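Asker: Provided herewith is a single structure, encoded as structure tokens, for subsequent inquiry.
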Amino acid sequence: MKVKNSALTLDATDLEILEALQNDARQTYTAIGKRLGIAHSTVYDRIKRMEQYGVIEKYTAIIDTDKIGAKNITALMTVFTDPKESERVAEKLCEAPQVLEVYTSLSEELLIIAKVVAESQESLHTFIANSVAPLPGVLRIRTSIVTKKFKEARFSMVNDPKS
């Protein structure tokens, strides 16, 4: 990894290390080094630098909620806002524990798209009616309840769209 004018440039080895971590973040530096043909100390140094510069934000466990019996519903909420208030509305949505993701989109209108989880349709309705609809600048809300999940993934070096 090179840093020039506060811009980071990752080389092929850095990218291979990131891919290895995304496949299994619990593997040892030695295992990654063997797979890539480099010393474990090189792997360690590169990972620490990528952590230091924020390339690697955190390590986490991905939990299959169905397998632990958590029965939640997921909804995609589109919030149409007054353009002057959209940032404030998006920031307020980020504070709610029910909201997993928040995006803004500029098409013919400025809108906010949020992924929301709730215990039931009733609790989803209560959250929208009491916490989202009253926010200053909210013009209207369209909610789509997810009925079947086909794919849910995070960015991965393996499925990088540039490849």
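The way I read the labels, and the way they are meant: chains A, B, ... in the order of the structure tokens, residue 1 as the first residue of every chain, and ligand 1 as the first ligand shown, with later ones counted on from there.
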Need to verify the contact set: Ser105 in chain A, 12 Å, only C-alpha atoms, exclusion of same-chain residues closer than 4 positions in sequence. Can you return it as an mmCIF file with C-alpha atoms, in the first residue's frame?
Answerer:
data_model
loop_
_atom_site.group_PDB
_atom_site.id
_atom_site.type_symbol
_atom_site.label_atom_id
_atom_site.label_comp_id
_atom_site.auth_asym_id
_atom_site.auth_seq_id
_atom_site.Cartn_x
_atom_site.Cartn_y
_atom_site.Cartn_z
ATOM 1 C CA THR A 78 -38.511 5.042 0.184
ATOM 2 C CA VAL A 79 -38.864 8.430 1.823
ATOM 3 C CA PHE A 80 -39.650 11.378 -0.421
ATOM 4 C CA THR A 81 -38.419 14.601 1.171
ATOM 5 C CA PRO A 83 -34.665 18.662 -0.739
ATOM 6 C CA SER A 86 -33.212 15.333 3.103
ATOM 7 C CA GLU A 87 -29.812 15.226 4.837
ATOM 8 C CA ALA A 90 -31.350 10.690 6.522
ATOM 9 C CA GLU A 109 -36.750 13.619 -7.077
ATOM 10 C CA LEU A 110 -34.400 13.528 -4.128
ATOM 11 C CA LEU A 111 -35.297 10.521 -2.051
ATOM 12 C CA ILE A 112 -33.990 8.394 0.770
ATOM 13 C CA ILE A 113 -33.968 4.619 0.656
ATOM 14 C CA ALA A 114 -33.712 2.762 3.961
#
Asker: How would you write, as a PyMOL selection string, the set of residues in range 61-93 of chain A that DSSP gives as strand (DSSP E or B)?
Answerer: chain A and resi 73-81
Asker: Between CA of Ala118 in chain A and CA of Arg140 in chain A, what is the spacing in Å?
Answerer: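 Computing it gives 19.9 Å between the two atoms.
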Asker: Please indicate the distance in Å from CA of Leu100 in chain A to CA of Thr74 in chain A, rounded to one decimal place.
Answerer: 9.7 Å
Asker: Using the chain letters and numbers from this document, which residues of range 11-134 of chain A does DSSP assign to helix (DSSP H, G or I), as a ChimeraX atom specification?
Answerer: /A:12-23,29-36,40-52,86-95,121-132
Asker: Using only C-alpha atoms, determine which residues lie at most 10 Å from Asp14 in chain A, disregarding the query and same-chain residues fewer than 4 positions distant; provide the list as a list in words.
Answerer: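 The contact residues come out as Met1, Thr9, Leu10, Leu18, Glu19, Ala20, Val43, Arg46, Ile47 and Met50 of chain A.
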Asker: Restricting the output to N, CA and C atoms, write the selected residues as a JSON list (two decimals), in the first residue's frame.
Answerer:
[["chain", "number", "residue", "atom", "x", "y", "z"],
["A", 1, "MET", "N", 0.86, -1.17, 0.00],
["A", 1, "MET", "CA", 0.00, 0.00, 0.00],
["A", 1, "MET", "C", 0.89, 1.22, 0.00],
["A", 9, "THR", "N", -3.07, 3.69, -2.52],
["A", 9, "THR", "CA", -2.97, 2.81, -3.67],
["A", 9, "THR", "C", -2.61, 1.43, -3.16],
["A", 10, "LEU", "N", -3.45, 0.46, -3.42],
["A", 10, "LEU", "CA", -3.21, -0.91, -3.01],
["A", 10, "LEU", "C", -2.58, -1.68, -4.16],
["A", 18, "LEU", "N", -6.63, -8.84, 1.24],
["A", 18, "LEU", "CA", -8.02, -8.46, 1.51],
["A", 18, "LEU", "C", -8.99, -9.56, 1.10],
["A", 19, "GLU", "N", -8.75, -10.15, -0.06],
["A", 19, "GLU", "CA", -9.62, -11.24, -0.53],
["A", 19, "GLU", "C", -9.56, -12.42, 0.44],
["A", 20, "ALA", "N", -8.35, -12.76, 0.90],
["A", 20, "ALA", "CA", -8.20, -13.86, 1.86],
["A", 20, "ALA", "C", -8.96, -13.57, 3.15],
["A", 43, "VAL", "N", 2.47, -10.17, 5.83],
["A", 43, "VAL", "CA", 1.01, -10.16, 5.92],
["A", 43, "VAL", "C", 0.59, -9.31, 7.12],
["A", 46, "ARG", "N", 1.20, -5.52, 6.50],
["A", 46, "ARG", "CA", 0.25, -4.96, 5.52],
["A", 46, "ARG", "C", -1.15, -4.84, 6.12],
["A", 47, "ILE", "N", -1.57, -5.85, 6.87],
["A", 47, "ILE", "CA", -2.90, -5.79, 7.50],
["A", 47, "ILE", "C", -2.94, -4.64, 8.50],
["A", 50, "MET", "N", -3.29, -1.40, 6.66],
["A", 50, "MET", "CA", -4.63, -1.23, 6.10],
["A", 50, "MET", "C", -5.64, -0.91, 7.20]]
Asker: Hey, can you check how far CA of Thr30 in chain A sits from CA of Asp45 in chain A?
Answerer: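 So the two atoms, CA of Thr30 in chain A and CA of Asp45 in chain A, lie 12.3 Å apart.
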Asker: Nearest to Val117 in chain A: which of A:Ile68, A:Ala75, A:Leu36, A:Val138 is it, counting only C-alpha atoms?
Answerer: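 So, comparing all the options, the nearest one is A:Ala75.
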Asker: Considering only C-alpha atoms, return as a ChimeraX atom specification whatever protein or nucleic-acid residues lie within 12 Å of Thr60 in chain A, sequence-local ones (same chain, fewer than 4 positions apart) excluded.
Answerer: /A:21-22,24-26,56
Asker: Check the smallest atom-to-atom distance from each of A:Lys48, A:Ala133, A:Lys148, A:Glu16 to Gly33 in chain A using only C-alpha atoms, then report the winner.
Answerer: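 Of A:Lys48, A:Ala133, A:Lys148, A:Glu16, the one nearest Gly33 in chain A, counting only C-alpha atoms, is A:Glu16.
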Asker: For Arg88 in chain A, find every residue with an atom within 9 Å (counting only C-alpha atoms), except residues of its own chain fewer than 5 positions away, and show them as a compact mmCIF listing (two decimals) with C-alpha atoms, in the first residue's frame.
Answerer:
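Written file, selection36.txt:
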# COMPACT_ATOMS: atom_id res chain seq x y z
CA LEU A 93 -33.07 7.60 10.21
CA PRO A 136 -39.76 17.70 9.25
CA GLY A 137 -39.37 17.55 5.48
